[in-house]
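Working notes for the structure below.
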There are 2 protein chains.
Amino acid sequence: MRAHPGMPHDRIPGTALTPQLLELIAARFKALGEPARLRILHALRSGEKSVSDLMQAAQLSQANTSKHLQRLHGLGLVERRRDGLHVFYRLADGSVLYLCDLMCGRLERQLDADRELFR
Amino acid sequence: MRAHPGMPHDRIPGTALTPQLLELIAARFKALGEPARLRILHALRSGEKSVSDLMQAAQLSQANTSKHLQRLHGLGLVERRRDGLHVFYRLADGSVLYLCDLMCGRLERQLDADRELFR
DNA sequence: TCCCAATATAATCGTATAGCTATATACGCA
DNA sequence: TGCGTATATAGCTATACGATTATATTGGGA
């Protein structure tokens, strides 16, 4: 398996997936369920970036970028650091990208399987 | 790492995460971003189940259960099999549960880190 | 203190969708 | 063919939320 910085090793056993816990998990998946936010997270792959940087990278308006970042920050998916006028955002850890890569891999296998039907 | 049936090994390198691909990925994360659907998927952990079974397990109305299942099926996250009057649904593969477990593990670490602040 | 740049927030609008109720479809059986 | 059960779908309402525009806040420099 390819190396991922800060990737999770696994769920800590002993914690039941109660409906309440599933709600918290769903909130985080929902945050990833938006192309604009995935573009932001993808842009952060190469390191921390200012809001202006992210606007351009993710092709979003300033207000829109900021709002998405507030949401990601509120869920603890990104962290921030102020430096003068600029605010730099970075991934809270690598597990988010890891999840994206896994979903991407899953999608690729699914599309491959679909293609098999037409051979 | 704990064993997961059908778990992904990794994303196949060479595929760029284009905005279009991110849209497809986002659609799948969005499907996971709903507690009701996570409850359904969680209920399928122990094997295939009929719609009636899932209604009860996920505490949803019949119509609601069916609609969520249509959506999960449309995205290829679950598969189905008809047997007389019943329709049995099952997970398309184990990678979905694997993603949930990873997100859960991520959440646990996050909550632990938050708790550290109050020690 | 005043002004400008970077970021955050407020107000608004349009759309997507979860849940509900009612109805339709599919299947087994008499 | 008619009936009952399991599942799917249609129509509706309320809500969440993404995008936009306008305004507010924050910090640095003159």
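Identifiers for the structure tokens are assigned positionally: chains receive A, B, ... in sequence, residues are indexed from 1 per chain, and ligands are indexed from 1 in the order shown.
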| Near C:DG28, counting only C-alpha atoms (C1' of nucleotides), which residues have an atom at most 12 Å away, once you skip same-chain residues fewer than 3 positions from it, shown as a VMD selection string? | (chain B and resid 83 to 86) or (chain D and resid 3 to 6)
May I have the residues from that selection written out with N, CA and C atoms (P, O5', C5', C4', C3', O3' and C1' of nucleotides), as a short mmCIF file (atom, residue, chain, number, x, y, z; two decimals), in the first residue's frame?
```cif
data_model
loop_
_atom_site.label_atom_id
_atom_site.label_comp_id
_atom_site.auth_asym_id
_atom_site.auth_seq_id
_atom_site.Cartn_x
_atom_site.Cartn_y
_atom_site.Cartn_z
N ASP B 83 -36.03 -12.46 -5.07
CA ASP B 83 -36.43 -13.83 -4.73
C ASP B 83 -37.91 -13.79 -4.39
N GLY B 84 -38.71 -14.04 -5.39
CA GLY B 84 -40.16 -13.98 -5.19
C GLY B 84 -40.59 -12.57 -4.89
N LEU B 85 -41.29 -12.42 -3.80
CA LEU B 85 -41.78 -11.09 -3.44
C LEU B 85 -40.67 -10.23 -2.85
N HIS B 86 -39.65 -10.87 -2.34
CA HIS B 86 -38.61 -10.12 -1.63
C HIS B 86 -37.48 -9.70 -2.56
P DC D 3 -60.86 -9.41 -6.01
"O5'" DC D 3 -59.71 -9.90 -5.02
"C5'" DC D 3 -59.84 -11.17 -4.37
"C4'" DC D 3 -58.62 -11.42 -3.49
"C3'" DC D 3 -58.17 -10.19 -2.69
"O3'" DC D 3 -57.85 -10.59 -1.37
"C1'" DC D 3 -56.38 -11.02 -3.97
P DG D 4 -57.74 -9.49 -0.22
"O5'" DG D 4 -56.26 -9.73 0.33
"C5'" DG D 4 -55.89 -11.05 0.72
"C4'" DG D 4 -54.36 -11.12 0.81
"C3'" DG D 4 -53.72 -9.97 1.58
"O3'" DG D 4 -52.71 -10.48 2.42
"C1'" DG D 4 -52.80 -10.09 -0.60
P DT D 5 -51.97 -9.49 3.43
"O5'" DT D 5 -50.47 -9.50 2.89
"C5'" DT D 5 -49.84 -10.74 2.60
"C4'" DT D 5 -48.52 -10.49 1.92
"C3'" DT D 5 -47.66 -9.39 2.55
"O3'" DT D 5 -46.32 -9.82 2.61
"C1'" DT D 5 -47.97 -8.94 0.27
P DA D 6 -45.23 -9.01 3.41
"O5'" DA D 6 -44.29 -8.50 2.25
"C5'" DA D 6 -43.64 -9.44 1.41
"C4'" DA D 6 -42.83 -8.71 0.35
"C3'" DA D 6 -41.96 -7.57 0.88
"O3'" DA D 6 -40.68 -7.65 0.29
"C1'" DA D 6 -43.44 -6.75 -0.80
#
```
Residues of chain A that have any atom at most 12 Å from an atom of chain D: could you tabulate them with the shortest-distance atom pair and the distance in Å to one decimal, using only C-alpha atoms (C1' of nucleotides), ordered by chain and increasing number, as JSON lines?
```
{"residue": "A:Lys30", "atom": "CA", "partner": "D:DC17", "partner_atom": "C1'", "distance": 11.3}
{"residue": "A:Ala31", "atom": "CA", "partner": "D:DC17", "partner_atom": "C1'", "distance": 11.3}
{"residue": "A:Glu34", "atom": "CA", "partner": "D:DG18", "partner_atom": "C1'", "distance": 9.5}
{"residue": "A:Pro35", "atom": "CA", "partner": "D:DG18", "partner_atom": "C1'", "distance": 11.0}
{"residue": "A:Ala36", "atom": "CA", "partner": "D:DG18", "partner_atom": "C1'", "distance": 9.7}
{"residue": "A:Arg37", "atom": "CA", "partner": "D:DG18", "partner_atom": "C1'", "distance": 11.2}
{"residue": "A:Leu60", "atom": "CA", "partner": "D:DA19", "partner_atom": "C1'", "distance": 9.5}
{"residue": "A:Ser61", "atom": "CA", "partner": "D:DA19", "partner_atom": "C1'", "distance": 8.7}
{"residue": "A:Gln62", "atom": "CA", "partner": "D:DT20", "partner_atom": "C1'", "distance": 10.7}
{"residue": "A:Ala63", "atom": "CA", "partner": "D:DT20", "partner_atom": "C1'", "distance": 8.8}
{"residue": "A:Asn64", "atom": "CA", "partner": "D:DA19", "partner_atom": "C1'", "distance": 7.2}
{"residue": "A:Thr65", "atom": "CA", "partner": "D:DA19", "partner_atom": "C1'", "distance": 10.7}
{"residue": "A:Lys67", "atom": "CA", "partner": "D:DG18", "partner_atom": "C1'", "distance": 9.9}
{"residue": "A:His68", "atom": "CA", "partner": "D:DG18", "partner_atom": "C1'", "distance": 9.6}
{"residue": "A:Arg71", "atom": "CA", "partner": "D:DC17", "partner_atom": "C1'", "distance": 11.6}
{"residue": "A:Arg82", "atom": "CA", "partner": "D:DG27", "partner_atom": "C1'", "distance": 10.3}
{"residue": "A:Asp83", "atom": "CA", "partner": "D:DG27", "partner_atom": "C1'", "distance": 9.4}
{"residue": "A:Gly84", "atom": "CA", "partner": "D:DG27", "partner_atom": "C1'", "distance": 6.1}
{"residue": "A:Leu85", "atom": "CA", "partner": "D:DG27", "partner_atom": "C1'", "distance": 5.6}
{"residue": "A:His86", "atom": "CA", "partner": "D:DG27", "partner_atom": "C1'", "distance": 9.2}
{"residue": "A:Val87", "atom": "CA", "partner": "D:DT26", "partner_atom": "C1'", "distance": 11.0}
```
Output N, CA and C atoms of each residue in that selection to a file, as a compact mmCIF listing (two decimals), in the first residue's frame.
```
# COMPACT_ATOMS: atom_id res chain seq x y z
N LYS A 30 -20.53 14.05 4.39
CA LYS A 30 -21.29 15.06 3.68
C LYS A 30 -20.37 16.22 3.26
N ALA A 31 -19.45 16.55 4.14
CA ALA A 31 -18.49 17.61 3.82
C ALA A 31 -17.64 17.23 2.62
N GLU A 34 -19.03 17.25 -1.75
CA GLU A 34 -19.21 18.47 -2.52
C GLU A 34 -17.97 18.70 -3.38
N PRO A 35 -18.11 18.72 -4.70
CA PRO A 35 -16.95 18.85 -5.58
C PRO A 35 -16.08 20.05 -5.23
N ALA A 36 -16.71 21.17 -4.88
CA ALA A 36 -15.92 22.36 -4.57
C ALA A 36 -14.99 22.11 -3.39
N ARG A 37 -15.52 21.45 -2.37
CA ARG A 37 -14.67 21.20 -1.19
C ARG A 37 -13.60 20.17 -1.50
N LEU A 60 -13.25 29.22 -7.28
CA LEU A 60 -14.42 29.62 -6.50
C LEU A 60 -14.32 31.10 -6.19
N SER A 61 -15.47 31.71 -5.90
CA SER A 61 -15.47 33.11 -5.49
C SER A 61 -14.85 33.23 -4.09
N GLN A 62 -14.52 34.43 -3.72
CA GLN A 62 -13.90 34.64 -2.41
C GLN A 62 -14.84 34.22 -1.28
N ALA A 63 -16.08 34.71 -1.35
CA ALA A 63 -17.04 34.39 -0.29
C ALA A 63 -17.29 32.89 -0.22
N ASN A 64 -17.41 32.30 -1.37
CA ASN A 64 -17.68 30.87 -1.44
C ASN A 64 -16.54 30.06 -0.86
N THR A 65 -15.33 30.43 -1.24
CA THR A 65 -14.15 29.75 -0.72
C THR A 65 -14.11 29.84 0.80
N LYS A 67 -16.49 30.36 2.91
CA LYS A 67 -17.58 29.62 3.55
C LYS A 67 -17.27 28.12 3.59
N HIS A 68 -16.76 27.60 2.49
CA HIS A 68 -16.39 26.18 2.47
C HIS A 68 -15.29 25.90 3.47
N ARG A 71 -16.54 25.66 6.97
CA ARG A 71 -17.19 24.39 7.22
C ARG A 71 -16.18 23.27 7.45
N ARG A 82 -2.74 32.20 11.02
CA ARG A 82 -2.81 33.57 10.52
C ARG A 82 -1.41 34.14 10.38
N ASP A 83 -1.20 34.86 9.30
CA ASP A 83 0.08 35.53 9.11
C ASP A 83 -0.20 36.88 8.48
N GLY A 84 -0.33 37.88 9.31
CA GLY A 84 -0.65 39.20 8.80
C GLY A 84 -2.05 39.21 8.22
N LEU A 85 -2.12 39.68 7.00
CA LEU A 85 -3.43 39.75 6.34
C LEU A 85 -3.90 38.39 5.85
N HIS A 86 -2.95 37.49 5.67
CA HIS A 86 -3.30 36.19 5.09
C HIS A 86 -3.64 35.15 6.14
N VAL A 87 -4.53 34.26 5.76
CA VAL A 87 -4.83 33.09 6.59
C VAL A 87 -4.47 31.86 5.77
```
| field | Of the listed residues B:Cys104, B:Ala16, B:Val78, B:Leu111, that which approaches B:Glu48 most closely, counting only C-alpha atoms | value | B:Val78
| Test item: chain C residues at most 12 Å from chain B, counting only C-alpha atoms (C1' of nucleotides), as a count of residues only | 13
| task | Using only C-alpha atoms, select each residue of chain A with any atom at most 9 Å away from an atom of chain B, and give the selection as a ChimeraX atom specification. | result | /A:1-2,7-12,15,17-39,42,76,95-96,98-108,110
| request: May I ask for the distance between atom CA of B:Lys49 and atom CA of B:Phe88, given in Å to one decimal place? | output: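 These atoms are spaced 5.1 Å apart.
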| task | Just the helix (DSSP H, G or I) stuff from chain B, please, per backbone DSSP, written as a PyMOL selection string. | result | chain B and resi 19-32+35-46+51-58+62-74+95-116
Just to be explicit: take each residue in the selection above, keep C-alpha atoms, and write the result as a PDB file, in the first residue's frame.
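Written file, result-v8.pdb:
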```pdb
ATOM      1  CA  PRO B  19     -12.453  18.024 -11.528  1.00  0.00           C
ATOM      2  CA  GLN B  20     -14.702  15.604 -13.425  1.00  0.00           C
ATOM      3  CA  LEU B  21     -13.406  12.667 -11.436  1.00  0.00           C
ATOM      4  CA  LEU B  22     -13.819  14.642  -8.237  1.00  0.00           C
ATOM      5  CA  GLU B  23     -17.482  15.095  -9.142  1.00  0.00           C
ATOM      6  CA  LEU B  24     -17.979  11.360  -9.318  1.00  0.00           C
ATOM      7  CA  ILE B  25     -16.144  10.903  -6.052  1.00  0.00           C
ATOM      8  CA  ALA B  26     -18.196  13.644  -4.421  1.00  0.00           C
ATOM      9  CA  ALA B  27     -21.440  11.986  -5.514  1.00  0.00           C
ATOM     10  CA  ARG B  28     -20.413   8.850  -3.657  1.00  0.00           C
ATOM     11  CA  PHE B  29     -19.292  10.693  -0.544  1.00  0.00           C
ATOM     12  CA  LYS B  30     -22.579  12.549  -0.603  1.00  0.00           C
ATOM     13  CA  ALA B  31     -24.401   9.232  -0.585  1.00  0.00           C
ATOM     14  CA  LEU B  32     -22.464   8.325   2.553  1.00  0.00           C
ATOM     15  CA  PRO B  35     -27.165   8.962   8.613  1.00  0.00           C
ATOM     16  CA  ALA B  36     -30.093   6.929   7.303  1.00  0.00           C
ATOM     17  CA  ARG B  37     -28.014   5.495   4.478  1.00  0.00           C
ATOM     18  CA  LEU B  38     -25.111   4.786   6.798  1.00  0.00           C
ATOM     19  CA  ARG B  39     -27.498   2.876   9.043  1.00  0.00           C
ATOM     20  CA  ILE B  40     -28.617   0.842   6.046  1.00  0.00           C
ATOM     21  CA  LEU B  41     -25.052   0.096   5.007  1.00  0.00           C
ATOM     22  CA  HIS B  42     -24.163  -0.762   8.573  1.00  0.00           C
ATOM     23  CA  ALA B  43     -27.075  -3.182   8.725  1.00  0.00           C
ATOM     24  CA  LEU B  44     -25.759  -4.874   5.578  1.00  0.00           C
ATOM     25  CA  ARG B  45     -22.493  -5.563   7.353  1.00  0.00           C
ATOM     26  CA  SER B  46     -23.851  -8.915   8.511  1.00  0.00           C
ATOM     27  CA  VAL B  51     -36.129  -4.231   2.256  1.00  0.00           C
ATOM     28  CA  SER B  52     -38.388  -5.160   5.157  1.00  0.00           C
ATOM     29  CA  ASP B  53     -35.390  -6.227   7.215  1.00  0.00           C
ATOM     30  CA  LEU B  54     -33.618  -2.965   6.435  1.00  0.00           C
ATOM     31  CA  MET B  55     -36.674  -0.893   7.296  1.00  0.00           C
ATOM     32  CA  GLN B  56     -36.576  -2.280  10.777  1.00  0.00           C
ATOM     33  CA  ALA B  57     -32.814  -2.250  11.176  1.00  0.00           C
ATOM     34  CA  ALA B  58     -32.450   1.349  10.033  1.00  0.00           C
ATOM     35  CA  GLN B  62     -40.908   1.574   3.698  1.00  0.00           C
ATOM     36  CA  ALA B  63     -40.941   4.296   1.061  1.00  0.00           C
ATOM     37  CA  ASN B  64     -37.942   5.989   2.574  1.00  0.00           C
ATOM     38  CA  THR B  65     -35.965   2.775   2.785  1.00  0.00           C
ATOM     39  CA  SER B  66     -36.690   1.954  -0.829  1.00  0.00           C
ATOM     40  CA  LYS B  67     -35.700   5.382  -2.024  1.00  0.00           C
ATOM     41  CA  HIS B  68     -32.383   5.296  -0.206  1.00  0.00           C
ATOM     42  CA  LEU B  69     -31.726   1.849  -1.607  1.00  0.00           C
ATOM     43  CA  GLN B  70     -32.433   3.036  -5.142  1.00  0.00           C
ATOM     44  CA  ARG B  71     -29.891   5.753  -4.678  1.00  0.00           C
ATOM     45  CA  LEU B  72     -27.242   3.455  -3.249  1.00  0.00           C
ATOM     46  CA  HIS B  73     -27.892   1.007  -6.053  1.00  0.00           C
ATOM     47  CA  GLY B  74     -27.722   3.701  -8.707  1.00  0.00           C
ATOM     48  CA  SER B  95     -14.632  -1.031   0.517  1.00  0.00           C
ATOM     49  CA  VAL B  96     -17.647   0.991   1.591  1.00  0.00           C
ATOM     50  CA  LEU B  97     -17.503  -0.366   5.111  1.00  0.00           C
ATOM     51  CA  TYR B  98     -13.784   0.109   5.038  1.00  0.00           C
ATOM     52  CA  LEU B  99     -14.275   3.793   4.278  1.00  0.00           C
ATOM     53  CA  CYS B 100     -16.742   4.084   7.139  1.00  0.00           C
ATOM     54  CA  ASP B 101     -14.333   2.428   9.518  1.00  0.00           C
ATOM     55  CA  LEU B 102     -11.555   4.744   8.440  1.00  0.00           C
ATOM     56  CA  MET B 103     -13.728   7.797   8.890  1.00  0.00           C
ATOM     57  CA  CYS B 104     -14.764   6.483  12.265  1.00  0.00           C
ATOM     58  CA  GLY B 105     -11.164   5.957  13.270  1.00  0.00           C
ATOM     59  CA  ARG B 106     -10.341   9.451  12.090  1.00  0.00           C
ATOM     60  CA  LEU B 107     -13.185  10.816  14.178  1.00  0.00           C
ATOM     61  CA  GLU B 108     -12.046   8.955  17.262  1.00  0.00           C
ATOM     62  CA  ARG B 109      -8.560  10.353  16.977  1.00  0.00           C
ATOM     63  CA  GLN B 110      -9.990  13.814  16.437  1.00  0.00           C
ATOM     64  CA  LEU B 111     -12.186  13.583  19.508  1.00  0.00           C
ATOM     65  CA  ASP B 112      -9.285  12.260  21.544  1.00  0.00           C
ATOM     66  CA  ALA B 113      -7.173  15.181  20.425  1.00  0.00           C
ATOM     67  CA  ASP B 114      -9.948  17.581  21.374  1.00  0.00           C
ATOM     68  CA  ARG B 115     -10.169  16.019  24.816  1.00  0.00           C
ATOM     69  CA  GLU B 116      -6.455  16.538  25.275  1.00  0.00           C
TER      70      GLU B 116
END
```
| query | To one decimal place, how far is atom CA of A:Gln59 from atom C1' of C:DC13 in Å? | reply |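 Separation between atom CA of A:Gln59 and atom C1' of C:DC13: 21.5 Å.
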